[in-house]
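**Student:** Take this structure first; my questions come after.
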Number of protein chains: 2
Amino acid sequence: MLTIGKLGTSTGVKVPTIRYYEQIGLLPEAERSAGNQRLYSRKALERLAFIRHARDLGFTLEAIRDLLSLSDSPDQPCAAADAIARAQLLEVESRLARLTALKAELERMVEQCAGGSIADCRVIEVLGDHSLCGSDHRHAELIQA
Amino acid sequence: MLTIGKLGTSTGVKVPTIRYYEQIGLLPEAERSAGNQRLYSRKALERLAFIRHARDLGFTLEAIRDLLSLSDSPDQPCAAADAIARAQLLEVESRLARLTALKAELERMVEQCAGGSIADCRVIEVLGDHSLCGSDHRHAELIQA
DNA sequence: CTAATGTCTCTAGCAACTATAGGTTCAAGG
DNA sequence: CCTTGAACCTATAGTTGCTAGAGACATTAG
């Protein structure tokens, strides 16, 4: 049995985060020692490692909740799990597209800076006047990427 | 003079967001009509458009606060503004790199799904066992991208 | 004049944690 | 055996950048 600190270091998840996951029901309530400290089994470690791995891949906690409940019922068809993963892939691809556009625009802006004073700084100017940016003026909603 | 609704539609910023920007001091307190409704000048519209544009480019509100105060002092050298923009570019580039790695890993995971049951679903399996993912096992902290 | 729409303030909520305060328990050294 | 310090406990509040709701006042079109 592991203490919460050991569990944290062996999964790379911070201690308050583990408690947070328990609080929102992503991890089951841990067993407790005589002195009321949380104790974790190997199974709990695996579950947390699963969560960590999925977080590293950008899945939301909601998606992870679904994936966990799927992994608890091994006889179900895996189409649902597959759909969640595909949705995440689409999300990542869409963010990539938006960020790529963003990068181009920022590069254009930064390259034009001649190093003078604010009065004729391209950065400030471009931000202030939308029509000064790249060829296509439709870059709204590029963020949340 | 524009009402807050007109200002919102002409800048593409939602009304509660405008009030929120005023609340956090990003926009100055608006003038008021006899009936206590906010009224905005052309100058206020320009300032909000600046904010909107910078948000579209992914700048944080803190960075925008700095950019705005820079743009209010046109005689300062523009190095500071340039530095903010360059930092944002670096940030975007770093997110792009992480998202690209993420995408590759998700693709690998999804492609291997044979459509069977959860028990032998690659998605669940890979998430559960870190060593099953791509050649290099160091993809932690790919997110917040 | 009335009804519909727009605006006002204030509060609370979202994701996914992180930080702080003030207290308890545990493991190791003297 | 006792003390010290690290690790643990609970509970609450803060972070970013908004968004949503309630309940009341203002403005405008017909």
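We name chains A, B, ... following the order of the structure tokens; residues begin at 1 in each chain, and ligands are numbered from 1 as shown.
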Report, to one decimal in Å, the C-alpha RMSD of chain B against chain A after an in-order least-squares superposition over all those atoms.

**Tutor:**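 Fitting chain B to chain A over paired C-alpha atoms yields 0.2 Å.
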
**Student:** Please determine the contact residues of chain A with respect to chain B at a cut-off of 7 Å, counting only C-alpha atoms, and supply them as a ChimeraX atom specification.

**Tutor:** /A:49-50,53-54,56-58,71,74-79,81-82,85-86,89,92-93,96,99,102-103,106-107,110,113,115-119,121,123-124,127-128,130,139-143

**Student:** Looking only at the backbone, which of the residues in chain B does DSSP tag as alpha helix (DSSP H), as number ranges by chain?

**Tutor:** B: 4-11, 15-23, 42-56, 61-71, 79-111, 122-128

**Student:** For the contact check between chain A and chain D, emit one row per residue of chain A within 10 Å, containing the shortest atom pair and the distance in Å rounded to one decimal, counting only C-alpha atoms (C1' of nucleotides), chain then rising number order, as JSON lines.

**Tutor:**
```
{"residue": "A:Thr3", "atom": "CA", "partner": "D:DC8", "partner_atom": "C1'", "distance": 9.0}
{"residue": "A:Ile4", "atom": "CA", "partner": "D:DC8", "partner_atom": "C1'", "distance": 8.4}
{"residue": "A:Gly5", "atom": "CA", "partner": "D:DA7", "partner_atom": "C1'", "distance": 7.6}
{"residue": "A:Gly35", "atom": "CA", "partner": "D:DC8", "partner_atom": "C1'", "distance": 9.5}
{"residue": "A:Asn36", "atom": "CA", "partner": "D:DC9", "partner_atom": "C1'", "distance": 7.7}
{"residue": "A:Gln37", "atom": "CA", "partner": "D:DC8", "partner_atom": "C1'", "distance": 6.5}
{"residue": "A:Arg38", "atom": "CA", "partner": "D:DC8", "partner_atom": "C1'", "distance": 8.6}
```

**Student:** Quick check: residues of chain A within 10 Å of chain C, only C-alpha atoms (C1' of nucleotides), returned as an MDAnalysis selection string.

**Tutor:** chainID A and resid 14 16:17 20:21 34:37 60:61

**Student:** Give me a file of those residues, with N, CA, C and O atoms, as a short mmCIF file (atom, residue, chain, number, x, y, z; two decimals), in the first residue's frame.

**Tutor:**
```cif
data_model
loop_
_atom_site.label_atom_id
_atom_site.label_comp_id
_atom_site.auth_asym_id
_atom_site.auth_seq_id
_atom_site.Cartn_x
_atom_site.Cartn_y
_atom_site.Cartn_z
N LYS A 14 0.49 15.44 -8.96
CA LYS A 14 0.69 16.14 -7.69
C LYS A 14 -0.34 15.70 -6.66
O LYS A 14 -1.48 15.38 -7.00
N PRO A 16 -2.19 17.31 -4.35
CA PRO A 16 -3.50 17.95 -4.31
C PRO A 16 -4.38 17.54 -5.49
O PRO A 16 -5.60 17.49 -5.37
N THR A 17 -3.74 17.23 -6.60
CA THR A 17 -4.49 16.80 -7.78
C THR A 17 -5.14 15.44 -7.54
O THR A 17 -6.29 15.20 -7.93
N TYR A 20 -8.03 16.01 -5.47
CA TYR A 20 -9.06 16.62 -6.32
C TYR A 20 -9.78 15.57 -7.17
O TYR A 20 -11.01 15.58 -7.27
N TYR A 21 -9.03 14.65 -7.74
CA TYR A 21 -9.65 13.58 -8.53
C TYR A 21 -10.59 12.73 -7.68
O TYR A 21 -11.65 12.30 -8.14
N ALA A 34 -4.84 3.82 10.07
CA ALA A 34 -5.35 4.08 11.43
C ALA A 34 -5.37 5.58 11.71
O ALA A 34 -6.29 6.10 12.34
N GLY A 35 -4.37 6.28 11.23
CA GLY A 35 -4.30 7.72 11.45
C GLY A 35 -5.00 8.55 10.39
O GLY A 35 -4.68 9.71 10.20
N ASN A 36 -5.91 7.94 9.62
CA ASN A 36 -6.76 8.65 8.66
C ASN A 36 -6.05 9.10 7.39
O ASN A 36 -6.56 9.95 6.66
N GLN A 37 -4.90 8.53 7.12
CA GLN A 37 -4.22 8.90 5.88
C GLN A 37 -4.60 7.94 4.76
O GLN A 37 -4.82 6.76 4.98
N THR A 60 -10.23 15.47 -21.92
CA THR A 60 -10.82 16.19 -20.78
C THR A 60 -11.15 15.19 -19.67
O THR A 60 -11.26 13.98 -19.91
N LEU A 61 -11.36 15.70 -18.49
CA LEU A 61 -11.73 14.81 -17.38
C LEU A 61 -13.05 14.12 -17.68
O LEU A 61 -13.25 12.97 -17.29
#
```

**Student:** Looking only at the backbone, which of the residues in chain A does DSSP tag as strand (DSSP E or B), as a ChimeraX atom specification?

**Tutor:** /A:2,31-32,38-40,77,117

**Student:** For the selection you just gave me, I'd like the residues written to a file as a PDB file, in the first residue's frame, keeping N, CA and C atoms.

**Tutor:**
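Output (result-v1.pdb):
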```pdb
ATOM      1  N   LEU A   2       0.465   2.199  -0.809  1.00  0.00           N
ATOM      2  CA  LEU A   2       1.239   3.433  -0.965  1.00  0.00           C
ATOM      3  C   LEU A   2       0.560   4.606  -0.269  1.00  0.00           C
ATOM      4  N   GLU A  31      -8.798   3.911   0.697  1.00  0.00           N
ATOM      5  CA  GLU A  31      -8.764   3.360   2.046  1.00  0.00           C
ATOM      6  C   GLU A  31      -7.992   4.311   2.951  1.00  0.00           C
ATOM      7  N   ARG A  32      -8.197   4.129   4.266  1.00  0.00           N
ATOM      8  CA  ARG A  32      -7.479   4.999   5.192  1.00  0.00           C
ATOM      9  C   ARG A  32      -6.685   4.177   6.192  1.00  0.00           C
ATOM     10  N   ARG A  38      -4.642   8.490   3.564  1.00  0.00           N
ATOM     11  CA  ARG A  38      -5.050   7.684   2.408  1.00  0.00           C
ATOM     12  C   ARG A  38      -4.013   6.614   2.074  1.00  0.00           C
ATOM     13  N   LEU A  39      -4.502   5.429   1.713  1.00  0.00           N
ATOM     14  CA  LEU A  39      -3.631   4.340   1.286  1.00  0.00           C
ATOM     15  C   LEU A  39      -4.108   3.817  -0.058  1.00  0.00           C
ATOM     16  N   TYR A  40      -3.148   3.562  -0.940  1.00  0.00           N
ATOM     17  CA  TYR A  40      -3.503   3.170  -2.299  1.00  0.00           C
ATOM     18  C   TYR A  40      -2.932   1.806  -2.668  1.00  0.00           C
ATOM     19  N   PRO A  77     -18.674  -3.490 -26.754  1.00  0.00           N
ATOM     20  CA  PRO A  77     -17.883  -3.200 -27.955  1.00  0.00           C
ATOM     21  C   PRO A  77     -17.045  -1.943 -27.743  1.00  0.00           C
ATOM     22  N   SER A 117      10.360  53.632 -32.192  1.00  0.00           N
ATOM     23  CA  SER A 117       9.583  53.972 -31.007  1.00  0.00           C
ATOM     24  C   SER A 117       8.155  53.457 -31.181  1.00  0.00           C
TER      25      SER A 117
END
```
